[in-house]
Amino acid sequence: MHTLGTPSVSPEGTQAVVAVTRPDLDADEYRGELWLVPTDGSGEPRQLTGGRRDAEPAYSPDGRWLAFTRAENGGKPQLHVMPTAGGEPWRVTDQPLGAGKPTWSPDSRQLAFVARVPEEGRYGDTKPEKERPRRITGLKYRLDNLGFYTDRRSHVFVVDPFASRTSPSPAVQVTEGDYDHDEPAWSPDGARLTFAAARHDSRGFDHYSDVWTCAPDGTGLHRVTDTTLSVGLPRFTPDGETICFVAAQPGPEGRTLIARHRGVFSVPADGSAAPRRLTAAEPYHLAGKGTIVPTADGVLFPSENRGASDLLLVPYDGDEPTVLIAGRREVFAPAHAGGTTVATVADQNSPGELVVLRDGKESAPTAFSALTPLPLEEITTTAPDGHPVHGWVVRPTGEGPHPTLLMIHGGPFTQYGWHLFDEAQVYAAAGYAVVMGNPRGSSGYGQAHGAAVIGDVGNVSAIDLLALLDAALASGGLDADRVGVLGGSHGGYMTTWLAAHHGDRFKAAISERAVNAIDSFHGSSDIGWSFAHDLYGPDPERWRDLSPLSHAHRIEMPFLIIHSENDWRCPVEQAQRLFVALKLRGVETELLLFPGEGHEMSRSGLPSHRVARFEAILDWWNRHLPTT
């Protein structure tokens, strides 16, 4: 299936460009091209570029140029520019670790971007095992799917893309120091840049960050916010007087972000007043991988809502937002220019299309997908303690009764929703009814719903998950005697928990990239130093009882464990410890390990690995939960 990136709209609003990425199974890589989409309905989308991996398109304000990133021959992405009237692109940057998303200056003469700057002697020709040792002084020093990063900080750069069209142009490094900087944006007059960064002394021990501004040459660095928020996506308003951004309010000592909504804030661009929240803490929460766009009338903001995400227009005065796009679909990335709004939208029939809003009217979406998926069937029920539970069933064709899979999402503060989900479609196409939902701990239903599991996540989540399963089984066509359970990350945690505490309900299980032992997760995970305390509670003595590994002696069902060797979110020892515990007891157990992959393997790993994973999962269910 394809995925869509954030679109860019031409200044007059008549065209949009979006990156479309698809797996190439023959080459065992991902291919990305830019597509041109008329927004006035005057034609069909057409492919604009033919690079191996093109992404992050950005129209220049004068409409003459299109900047984008291109990764050539398996290399790092670099900025490229091409004329919109036609012609070949040229490479603009030559950053050793690659360049990030381009952002045009208002006069269409410069591009700002972020790139990681390696310490001397690292990440180059020297073999990694021969580099000098790293000196680590804070708790935040590595990230899954990235690795160590305090020796390759991300900095803001500015480059003149027209200085040379035959070789990369020299870029000016705008920011300095032992800090990471992200998401640069220009002021409307081009005199200032804004970006997000954590530059305070305790940055290695908390989640605080700030909005900053400086001149394009790096002078006049100024902190705009007050180091009380975890910020991102700063953007100047069209008049240049205000900066809008997304933020969450961390908990005690700045270390807690679980179940805390990320809303829209504003602050005077000169920092003369404290930040102001424009969206109420309830119910508005930024959709995953969403972005914001300030317009003349307010801020475009995609917000989660019970398995959907709506596109809102948030007024600058903090009044109630206006809903622009809603329904059984998920909006992720809006863009706006020339009175036209374009947004990427997923629904149960497509992983992503473009929708156009003009004069209050919504156009028919593009047709990048030609799939005919099995439909989502909505389920609502009530847990034994009276809490509402919401979810879906994806049914195979035929009358059944079908073997059933209870599938549990990770997070836990995230949501399943109204989009075409490859996992559910693959399993349903193989003959399994898939039950999935958003128990307590999930996002999209308010902060109280998300925070309800803190300190007792296994027991509280299990109440809702089993209620959802029972409601699905009662709907007919599903076989209550042939039920399996599976999930990844927190979903893997809950899979092991259910297998141990409610083993009579399931015939077999698959736990993937899971937390199984909180004590070692606390010290070995890239986020464990805060996440373990925040989700499972502050008492390490209680962690033992809350760890699925502590209850592995109760598991009797066949159990498949899937993990990636380079997973730093839930390190591989989490899988190994559970595998050994089950294997020594004689439980039918297998461990499937993927080399070279991190926590996101099932979503963005090598296409061949993703296919092998599906094959292994279907083989496991065929052995222990046959469809006939």
# chains A, B, ... in the order shown; residues from 1 in each chain; ligands from 1
$ residues_around --residues "A:Ala472" --least-positions-apart "6" --cutoff "8 Å" --atoms "only C-alpha atoms" --output "mmCIF file with N, CA, C and O atoms, in the first residue's frame"
data_model
loop_
_atom_site.group_PDB
_atom_site.id
_atom_site.type_symbol
_atom_site.label_atom_id
_atom_site.label_comp_id
_atom_site.auth_asym_id
_atom_site.auth_seq_id
_atom_site.Cartn_x
_atom_site.Cartn_y
_atom_site.Cartn_z
ATOM 1 N N ILE A 379 -18.175 -1.375 16.460
ATOM 2 C CA ILE A 379 -18.748 -2.020 17.646
ATOM 3 C C ILE A 379 -18.668 -1.051 18.819
ATOM 4 O O ILE A 379 -17.632 -0.414 19.043
ATOM 5 N N VAL A 393 -14.741 -4.608 13.914
ATOM 6 C CA VAL A 393 -14.480 -5.958 13.437
ATOM 7 C C VAL A 393 -14.253 -5.882 11.937
ATOM 8 O O VAL A 393 -14.985 -5.190 11.220
ATOM 9 N N VAL A 435 -10.733 -8.432 15.541
ATOM 10 C CA VAL A 435 -11.382 -7.532 16.492
ATOM 11 C C VAL A 435 -10.322 -6.572 17.021
ATOM 12 O O VAL A 435 -9.278 -7.001 17.503
ATOM 13 N N LEU A 478 -18.678 -15.388 14.403
ATOM 14 C CA LEU A 478 -17.338 -15.557 14.943
ATOM 15 C C LEU A 478 -17.328 -16.750 15.892
ATOM 16 O O LEU A 478 -18.307 -16.985 16.620
#
$ select_by_dssp --residues "stretch 273-473 of chain A" --states "alpha helix (DSSP H)" --output "PyMOL selection string"
chain A and resi 422-429+447-451+457-473
$ residues_around --residues "A:Pro365" --least-positions-apart "4" --cutoff "8 Å" --atoms "only C-alpha atoms" --output "JSON, numbers by chain"
{"A": [353, 354, 355, 356]}
$ residues_around --residues "A:Thr340" --least-positions-apart "5" --cutoff "8 Å" --atoms "only C-alpha atoms" --output "ChimeraX atom specification"
/A:9,13-14,356-359
$ select_by_dssp --residues "stretch 301-339 of chain A" --states "strand (DSSP E)" --output "PyMOL selection string"
chain A and resi 301-305+308-314+322-325+330-337
$ residues_around --residues "A:Leu324" --least-positions-apart "2" --cutoff "10 Å" --atoms "only C-alpha atoms" --output "PyMOL selection string"
chain A and resi 300-302+310-313+321-322+326+341+357+360-362
$ closest_residue --among "A:Ala280, A:Ala171, A:Leu535, A:Ala67" --to "A:Gly318" --atoms "only C-alpha atoms"
A:Ala280
$ closest_residue --among "A:Glu399, A:Glu33, A:Asp317, A:Asp456" --to "A:Gly477" --atoms "only C-alpha atoms"
A:Glu399
$ closest_residue --among "A:Arg70, A:Arg91, A:Arg482, A:Arg277" --to "A:Phe162" --atoms "only C-alpha atoms"
A:Arg91
$ closest_residue --among "A:Pro275, A:Gly338, A:Pro412, A:Gly523" --to "A:Ala451" --atoms "only C-alpha atoms"
A:Pro412
$ residues_around --residues "stretch 556-563 of chain A" --least-positions-apart "3" --cutoff "6 Å" --atoms "only C-alpha atoms" --output "VMD selection string"
chain A and resid 508 to 513 587 to 593
$ write_last_selection --atoms "N, CA and C atoms" --output "PDB file, in the first residue's frame"
ATOM      1  N   ALA A 508      -3.983 -19.494  21.164  1.00  0.00           N
ATOM      2  CA  ALA A 508      -2.580 -19.217  20.849  1.00  0.00           C
ATOM      3  C   ALA A 508      -2.376 -17.714  20.890  1.00  0.00           C
ATOM      4  N   ALA A 509      -1.093 -17.305  20.905  1.00  0.00           N
ATOM      5  CA  ALA A 509      -0.774 -15.886  21.034  1.00  0.00           C
ATOM      6  C   ALA A 509       0.461 -15.538  20.210  1.00  0.00           C
ATOM      7  N   ILE A 510       0.526 -14.258  19.811  1.00  0.00           N
ATOM      8  CA  ILE A 510       1.711 -13.696  19.159  1.00  0.00           C
ATOM      9  C   ILE A 510       2.001 -12.355  19.816  1.00  0.00           C
ATOM     10  N   SER A 511       3.138 -12.270  20.483  1.00  0.00           N
ATOM     11  CA  SER A 511       3.568 -11.026  21.126  1.00  0.00           C
ATOM     12  C   SER A 511       4.757 -10.469  20.364  1.00  0.00           C
ATOM     13  N   GLU A 512       4.677  -9.187  20.043  1.00  0.00           N
ATOM     14  CA  GLU A 512       5.681  -8.578  19.167  1.00  0.00           C
ATOM     15  C   GLU A 512       6.258  -7.312  19.797  1.00  0.00           C
ATOM     16  N   ARG A 513       7.588  -7.162  19.725  1.00  0.00           N
ATOM     17  CA  ARG A 513       8.327  -5.975  20.207  1.00  0.00           C
ATOM     18  C   ARG A 513       7.767  -5.463  21.540  1.00  0.00           C
ATOM     19  N   VAL A 587       6.620 -24.924  27.206  1.00  0.00           N
ATOM     20  CA  VAL A 587       5.557 -24.318  26.402  1.00  0.00           C
ATOM     21  C   VAL A 587       6.014 -24.256  24.947  1.00  0.00           C
ATOM     22  N   GLU A 588       5.124 -24.550  24.039  1.00  0.00           N
ATOM     23  CA  GLU A 588       5.464 -24.444  22.616  1.00  0.00           C
ATOM     24  C   GLU A 588       5.712 -22.973  22.290  1.00  0.00           C
ATOM     25  N   THR A 589       6.968 -22.647  22.088  1.00  0.00           N
ATOM     26  CA  THR A 589       7.368 -21.250  21.941  1.00  0.00           C
ATOM     27  C   THR A 589       8.375 -21.113  20.806  1.00  0.00           C
ATOM     28  N   GLU A 590       8.225 -20.080  20.015  1.00  0.00           N
ATOM     29  CA  GLU A 590       9.197 -19.751  18.982  1.00  0.00           C
ATOM     30  C   GLU A 590       9.547 -18.273  19.077  1.00  0.00           C
ATOM     31  N   LEU A 591      10.785 -17.953  18.723  1.00  0.00           N
ATOM     32  CA  LEU A 591      11.268 -16.579  18.701  1.00  0.00           C
ATOM     33  C   LEU A 591      11.716 -16.255  17.287  1.00  0.00           C
ATOM     34  N   LEU A 592      11.072 -15.261  16.685  1.00  0.00           N
ATOM     35  CA  LEU A 592      11.407 -14.823  15.332  1.00  0.00           C
ATOM     36  C   LEU A 592      12.128 -13.485  15.441  1.00  0.00           C
ATOM     37  N   LEU A 593      13.431 -13.459  15.101  1.00  0.00           N
ATOM     38  CA  LEU A 593      14.255 -12.272  15.242  1.00  0.00           C
ATOM     39  C   LEU A 593      14.603 -11.687  13.868  1.00  0.00           C
TER      40      LEU A 593
END
$ closest_residue --among "A:Asp619, A:Asp526, A:Glu304, A:Asp385" --to "A:Leu139" --atoms "only C-alpha atoms"
A:Asp526
$ residues_around --residues "A:Arg603" --least-positions-apart "6" --cutoff "12 Å" --atoms "only C-alpha atoms" --output "PyMOL selection string"
chain A and resi 1-3+22-23+30+145+421-423+488+597+609-611+613-614
$ write_last_selection --atoms "all heavy atoms" --output "short mmCIF file (atom, residue, chain, number, x, y, z; two decimals), in the first residue's frame"
data_model
loop_
_atom_site.label_atom_id
_atom_site.label_comp_id
_atom_site.auth_asym_id
_atom_site.auth_seq_id
_atom_site.Cartn_x
_atom_site.Cartn_y
_atom_site.Cartn_z
N MET A 1 0.84 -1.19 0.00
CA MET A 1 0.00 0.00 0.00
C MET A 1 0.88 1.25 0.00
O MET A 1 2.00 1.24 0.48
CB MET A 1 -0.90 0.03 1.24
CG MET A 1 -1.90 -1.13 1.32
SD MET A 1 -3.18 -0.83 2.54
CE MET A 1 -2.21 -0.59 4.01
N HIS A 2 0.33 2.33 -0.50
CA HIS A 2 1.06 3.58 -0.55
C HIS A 2 0.86 4.39 0.72
O HIS A 2 -0.07 4.15 1.50
CB HIS A 2 0.60 4.41 -1.76
CG HIS A 2 -0.78 5.00 -1.60
ND1 HIS A 2 -1.91 4.36 -2.04
CD2 HIS A 2 -1.21 6.16 -1.03
CE1 HIS A 2 -2.97 5.10 -1.77
NE2 HIS A 2 -2.57 6.19 -1.16
N THR A 3 1.74 5.37 0.92
CA THR A 3 1.55 6.38 1.95
C THR A 3 1.76 7.74 1.31
O THR A 3 2.51 7.89 0.34
CB THR A 3 2.54 6.22 3.11
OG1 THR A 3 3.89 6.28 2.61
CG2 THR A 3 2.34 4.88 3.81
N ARG A 22 5.72 3.93 -2.00
CA ARG A 22 5.25 2.54 -2.06
C ARG A 22 6.43 1.59 -1.88
O ARG A 22 7.55 1.91 -2.30
CB ARG A 22 4.58 2.25 -3.41
CG ARG A 22 3.29 3.02 -3.68
CD ARG A 22 2.70 2.62 -5.02
NE ARG A 22 1.40 3.21 -5.27
CZ ARG A 22 1.21 4.40 -5.83
NH1 ARG A 22 2.26 5.11 -6.21
NH2 ARG A 22 -0.02 4.87 -6.02
N PRO A 23 6.18 0.42 -1.31
CA PRO A 23 7.25 -0.58 -1.24
C PRO A 23 7.50 -1.21 -2.60
O PRO A 23 6.56 -1.47 -3.36
CB PRO A 23 6.71 -1.61 -0.23
CG PRO A 23 5.23 -1.46 -0.30
CD PRO A 23 4.96 -0.03 -0.62
N TYR A 30 11.89 1.13 -0.63
CA TYR A 30 10.73 1.98 -0.85
C TYR A 30 11.03 2.97 -1.96
O TYR A 30 12.12 3.52 -2.05
CB TYR A 30 10.36 2.72 0.44
CG TYR A 30 9.88 1.80 1.53
CD1 TYR A 30 10.78 1.22 2.42
CD2 TYR A 30 8.53 1.48 1.65
CE1 TYR A 30 10.35 0.35 3.41
CE2 TYR A 30 8.09 0.62 2.63
CZ TYR A 30 9.00 0.05 3.51
OH TYR A 30 8.56 -0.82 4.47
N ASN A 145 15.39 3.62 15.87
CA ASN A 145 15.43 3.91 14.43
C ASN A 145 16.33 5.09 14.08
O ASN A 145 16.41 5.48 12.93
CB ASN A 145 14.04 4.16 13.86
CG ASN A 145 13.33 2.87 13.50
OD1 ASN A 145 13.85 1.77 13.70
ND2 ASN A 145 12.13 2.99 12.98
N PHE A 421 -6.14 -0.53 7.28
CA PHE A 421 -5.03 -1.02 8.08
C PHE A 421 -4.57 -2.35 7.49
O PHE A 421 -5.32 -3.32 7.47
CB PHE A 421 -5.49 -1.18 9.53
CG PHE A 421 -4.41 -1.56 10.49
CD1 PHE A 421 -3.09 -1.22 10.28
CD2 PHE A 421 -4.72 -2.26 11.65
CE1 PHE A 421 -2.10 -1.56 11.18
CE2 PHE A 421 -3.74 -2.60 12.56
CZ PHE A 421 -2.43 -2.26 12.32
N ASP A 422 -3.31 -2.39 7.03
CA ASP A 422 -2.84 -3.58 6.33
C ASP A 422 -2.90 -4.83 7.19
O ASP A 422 -3.22 -5.92 6.70
CB ASP A 422 -1.42 -3.37 5.77
CG ASP A 422 -0.39 -3.09 6.85
OD1 ASP A 422 -0.76 -2.77 7.99
OD2 ASP A 422 0.82 -3.17 6.53
N GLU A 423 -2.61 -4.70 8.50
CA GLU A 423 -2.63 -5.86 9.38
C GLU A 423 -4.00 -6.54 9.35
O GLU A 423 -4.13 -7.74 9.12
CB GLU A 423 -2.31 -5.43 10.81
CG GLU A 423 -0.98 -4.76 10.98
CD GLU A 423 0.10 -5.73 11.42
OE1 GLU A 423 -0.23 -6.77 12.00
OE2 GLU A 423 1.28 -5.42 11.18
N GLY A 488 1.55 -5.57 19.29
CA GLY A 488 2.94 -5.14 19.30
C GLY A 488 3.18 -4.00 20.28
O GLY A 488 2.29 -3.18 20.54
N GLU A 597 16.78 -4.35 12.12
CA GLU A 597 15.53 -3.61 12.22
C GLU A 597 15.34 -3.05 13.63
O GLU A 597 15.89 -3.56 14.60
CB GLU A 597 14.33 -4.51 11.88
CG GLU A 597 14.34 -5.07 10.47
CD GLU A 597 13.93 -4.04 9.42
OE1 GLU A 597 13.73 -2.85 9.77
OE2 GLU A 597 13.82 -4.42 8.24
N HIS A 609 11.35 -8.03 4.84
CA HIS A 609 11.12 -8.39 6.24
C HIS A 609 9.64 -8.29 6.61
O HIS A 609 9.12 -9.12 7.36
CB HIS A 609 11.95 -7.49 7.15
CG HIS A 609 13.39 -7.87 7.20
ND1 HIS A 609 14.36 -7.07 7.78
CD2 HIS A 609 14.05 -8.95 6.73
CE1 HIS A 609 15.54 -7.65 7.68
NE2 HIS A 609 15.38 -8.79 7.04
N ARG A 610 8.98 -7.28 6.09
CA ARG A 610 7.55 -7.14 6.38
C ARG A 610 6.76 -8.31 5.80
O ARG A 610 5.82 -8.82 6.42
CB ARG A 610 7.04 -5.81 5.85
CG ARG A 610 7.65 -4.61 6.57
CD ARG A 610 7.19 -3.29 5.97
NE ARG A 610 5.76 -3.08 6.17
CZ ARG A 610 5.09 -2.05 5.68
NH1 ARG A 610 5.73 -1.14 4.93
NH2 ARG A 610 3.80 -1.90 5.91
N VAL A 611 7.15 -8.73 4.59
CA VAL A 611 6.47 -9.89 3.99
C VAL A 611 6.77 -11.15 4.79
O VAL A 611 5.87 -11.95 5.07
CB VAL A 611 6.92 -10.06 2.52
CG1 VAL A 611 6.43 -11.39 1.96
CG2 VAL A 611 6.40 -8.90 1.67
N ARG A 613 7.45 -11.38 7.89
CA ARG A 613 6.69 -11.30 9.14
C ARG A 613 5.25 -11.76 8.94
O ARG A 613 4.72 -12.56 9.71
CB ARG A 613 6.72 -9.86 9.65
CG ARG A 613 5.79 -9.60 10.83
CD ARG A 613 5.84 -8.13 11.23
NE ARG A 613 4.81 -7.83 12.21
CZ ARG A 613 3.58 -7.44 11.90
NH1 ARG A 613 3.23 -7.31 10.61
NH2 ARG A 613 2.69 -7.18 12.84
N PHE A 614 4.60 -11.26 7.89
CA PHE A 614 3.23 -11.69 7.61
C PHE A 614 3.17 -13.20 7.36
O PHE A 614 2.25 -13.89 7.83
CB PHE A 614 2.66 -10.95 6.41
CG PHE A 614 2.04 -9.61 6.75
CD1 PHE A 614 2.31 -8.50 5.98
CD2 PHE A 614 1.19 -9.47 7.83
CE1 PHE A 614 1.74 -7.27 6.27
CE2 PHE A 614 0.60 -8.25 8.14
CZ PHE A 614 0.89 -7.14 7.35
#
$ atom_distance --atom1 "atom CA of A:Asp481" --atom2 "atom CA of A:Thr404"
8.9 Å
$ atom_distance --atom1 "atom CA of A:Asp178" --atom2 "atom CA of A:Arg203"
10.5 Å
$ closest_residue --among "A:Ser547, A:Thr627, A:Thr150, A:Ser8" --to "A:Ser520" --atoms "only C-alpha atoms"
A:Ser547
$ decode --residues "stretch 180-192 of chain A" --atoms "all heavy atoms" --output "PDB file, in the first residue's frame"
ATOM      1  N   ASP A 180      19.629  19.995  20.072  1.00  0.00           N
ATOM      2  CA  ASP A 180      18.910  19.612  18.868  1.00  0.00           C
ATOM      3  C   ASP A 180      17.893  20.689  18.522  1.00  0.00           C
ATOM      4  O   ASP A 180      17.203  21.223  19.405  1.00  0.00           O
ATOM      5  CB  ASP A 180      18.201  18.272  19.063  1.00  0.00           C
ATOM      6  CG  ASP A 180      19.160  17.104  19.018  1.00  0.00           C
ATOM      7  OD1 ASP A 180      19.789  16.914  17.965  1.00  0.00           O
ATOM      8  OD2 ASP A 180      19.293  16.399  20.030  1.00  0.00           O
ATOM      9  N   HIS A 181      17.758  21.003  17.227  1.00  0.00           N
ATOM     10  CA  HIS A 181      16.840  22.017  16.731  1.00  0.00           C
ATOM     11  C   HIS A 181      15.954  21.390  15.657  1.00  0.00           C
ATOM     12  O   HIS A 181      16.408  20.521  14.903  1.00  0.00           O
ATOM     13  CB  HIS A 181      17.607  23.203  16.154  1.00  0.00           C
ATOM     14  CG  HIS A 181      18.639  23.753  17.094  1.00  0.00           C
ATOM     15  ND1 HIS A 181      19.880  23.158  17.261  1.00  0.00           N
ATOM     16  CD2 HIS A 181      18.617  24.811  17.933  1.00  0.00           C
ATOM     17  CE1 HIS A 181      20.575  23.845  18.156  1.00  0.00           C
ATOM     18  NE2 HIS A 181      19.836  24.849  18.573  1.00  0.00           N
ATOM     19  N   ASP A 182      14.718  21.854  15.562  1.00  0.00           N
ATOM     20  CA  ASP A 182      13.789  21.181  14.658  1.00  0.00           C
ATOM     21  C   ASP A 182      12.770  22.176  14.110  1.00  0.00           C
ATOM     22  O   ASP A 182      12.483  23.203  14.716  1.00  0.00           O
ATOM     23  CB  ASP A 182      13.057  20.064  15.409  1.00  0.00           C
ATOM     24  CG  ASP A 182      12.429  19.042  14.467  1.00  0.00           C
ATOM     25  OD1 ASP A 182      12.823  18.999  13.284  1.00  0.00           O
ATOM     26  OD2 ASP A 182      11.546  18.292  14.920  1.00  0.00           O
ATOM     27  N   GLU A 183      12.222  21.825  12.948  1.00  0.00           N
ATOM     28  CA  GLU A 183      11.065  22.485  12.333  1.00  0.00           C
ATOM     29  C   GLU A 183      11.257  23.991  12.124  1.00  0.00           C
ATOM     30  O   GLU A 183      10.467  24.808  12.609  1.00  0.00           O
ATOM     31  CB  GLU A 183       9.806  22.237  13.176  1.00  0.00           C
ATOM     32  CG  GLU A 183       9.331  20.804  13.190  1.00  0.00           C
ATOM     33  CD  GLU A 183       8.701  20.383  11.860  1.00  0.00           C
ATOM     34  OE1 GLU A 183       8.338  21.274  11.055  1.00  0.00           O
ATOM     35  OE2 GLU A 183       8.570  19.179  11.639  1.00  0.00           O
ATOM     36  N   PRO A 184      12.270  24.422  11.374  1.00  0.00           N
ATOM     37  CA  PRO A 184      12.416  25.861  11.138  1.00  0.00           C
ATOM     38  C   PRO A 184      11.314  26.406  10.234  1.00  0.00           C
ATOM     39  O   PRO A 184      10.808  25.716   9.346  1.00  0.00           O
ATOM     40  CB  PRO A 184      13.786  25.960  10.454  1.00  0.00           C
ATOM     41  CG  PRO A 184      13.969  24.635   9.777  1.00  0.00           C
ATOM     42  CD  PRO A 184      13.315  23.639  10.696  1.00  0.00           C
ATOM     43  N   ALA A 185      10.938  27.655  10.494  1.00  0.00           N
ATOM     44  CA  ALA A 185       9.951  28.359   9.663  1.00  0.00           C
ATOM     45  C   ALA A 185      10.328  29.831   9.614  1.00  0.00           C
ATOM     46  O   ALA A 185      10.904  30.379  10.562  1.00  0.00           O
ATOM     47  CB  ALA A 185       8.543  28.188  10.236  1.00  0.00           C
ATOM     48  N   TRP A 186      10.004  30.467   8.501  1.00  0.00           N
ATOM     49  CA  TRP A 186      10.361  31.864   8.268  1.00  0.00           C
ATOM     50  C   TRP A 186       9.258  32.801   8.746  1.00  0.00           C
ATOM     51  O   TRP A 186       8.067  32.486   8.666  1.00  0.00           O
ATOM     52  CB  TRP A 186      10.580  32.122   6.782  1.00  0.00           C
ATOM     53  CG  TRP A 186      11.741  31.400   6.171  1.00  0.00           C
ATOM     54  CD1 TRP A 186      11.736  30.117   5.693  1.00  0.00           C
ATOM     55  CD2 TRP A 186      13.062  31.906   5.953  1.00  0.00           C
ATOM     56  NE1 TRP A 186      12.978  29.794   5.190  1.00  0.00           N
ATOM     57  CE2 TRP A 186      13.810  30.884   5.343  1.00  0.00           C
ATOM     58  CE3 TRP A 186      13.681  33.123   6.214  1.00  0.00           C
ATOM     59  CZ2 TRP A 186      15.135  31.036   4.982  1.00  0.00           C
ATOM     60  CZ3 TRP A 186      15.017  33.291   5.859  1.00  0.00           C
ATOM     61  CH2 TRP A 186      15.724  32.255   5.258  1.00  0.00           C
ATOM     62  N   SER A 187       9.667  34.002   9.185  1.00  0.00           N
ATOM     63  CA  SER A 187       8.703  35.073   9.412  1.00  0.00           C
ATOM     64  C   SER A 187       8.262  35.624   8.060  1.00  0.00           C
ATOM     65  O   SER A 187       8.982  35.496   7.062  1.00  0.00           O
ATOM     66  CB  SER A 187       9.315  36.178  10.264  1.00  0.00           C
ATOM     67  OG  SER A 187      10.419  36.774   9.595  1.00  0.00           O
ATOM     68  N   PRO A 188       7.070  36.223   7.974  1.00  0.00           N
ATOM     69  CA  PRO A 188       6.578  36.706   6.673  1.00  0.00           C
ATOM     70  C   PRO A 188       7.496  37.722   5.998  1.00  0.00           C
ATOM     71  O   PRO A 188       7.511  37.813   4.770  1.00  0.00           O
ATOM     72  CB  PRO A 188       5.230  37.337   7.033  1.00  0.00           C
ATOM     73  CG  PRO A 188       4.789  36.603   8.254  1.00  0.00           C
ATOM     74  CD  PRO A 188       6.039  36.334   9.019  1.00  0.00           C
ATOM     75  N   ASP A 189       8.290  38.491   6.793  1.00  0.00           N
ATOM     76  CA  ASP A 189       9.196  39.460   6.172  1.00  0.00           C
ATOM     77  C   ASP A 189      10.583  38.887   5.907  1.00  0.00           C
ATOM     78  O   ASP A 189      11.465  39.587   5.392  1.00  0.00           O
ATOM     79  CB  ASP A 189       9.315  40.720   7.042  1.00  0.00           C
ATOM     80  CG  ASP A 189       9.885  40.435   8.432  1.00  0.00           C
ATOM     81  OD1 ASP A 189      10.244  39.267   8.709  1.00  0.00           O
ATOM     82  OD2 ASP A 189       9.948  41.382   9.239  1.00  0.00           O
ATOM     83  N   GLY A 190      10.804  37.618   6.263  1.00  0.00           N
ATOM     84  CA  GLY A 190      12.079  36.973   6.015  1.00  0.00           C
ATOM     85  C   GLY A 190      13.190  37.383   6.964  1.00  0.00           C
ATOM     86  O   GLY A 190      14.336  36.955   6.788  1.00  0.00           O
ATOM     87  N   ALA A 191      12.876  38.175   7.973  1.00  0.00           N
ATOM     88  CA  ALA A 191      13.915  38.680   8.872  1.00  0.00           C
ATOM     89  C   ALA A 191      14.245  37.720  10.009  1.00  0.00           C
ATOM     90  O   ALA A 191      15.298  37.863  10.637  1.00  0.00           O
ATOM     91  CB  ALA A 191      13.483  40.027   9.458  1.00  0.00           C
ATOM     92  N   ARG A 192      13.357  36.757  10.274  1.00  0.00           N
ATOM     93  CA  ARG A 192      13.559  35.865  11.411  1.00  0.00           C
ATOM     94  C   ARG A 192      13.234  34.423  11.013  1.00  0.00           C
ATOM     95  O   ARG A 192      12.441  34.160  10.113  1.00  0.00           O
ATOM     96  CB  ARG A 192      12.664  36.249  12.594  1.00  0.00           C
ATOM     97  CG  ARG A 192      12.775  37.669  13.061  1.00  0.00           C
ATOM     98  CD  ARG A 192      14.072  37.947  13.786  1.00  0.00           C
ATOM     99  NE  ARG A 192      14.119  37.327  15.119  1.00  0.00           N
ATOM    100  CZ  ARG A 192      15.188  37.347  15.896  1.00  0.00           C
ATOM    101  NH1 ARG A 192      16.299  37.932  15.482  1.00  0.00           N
ATOM    102  NH2 ARG A 192      15.177  36.785  17.089  1.00  0.00           N
TER     103      ARG A 192
END
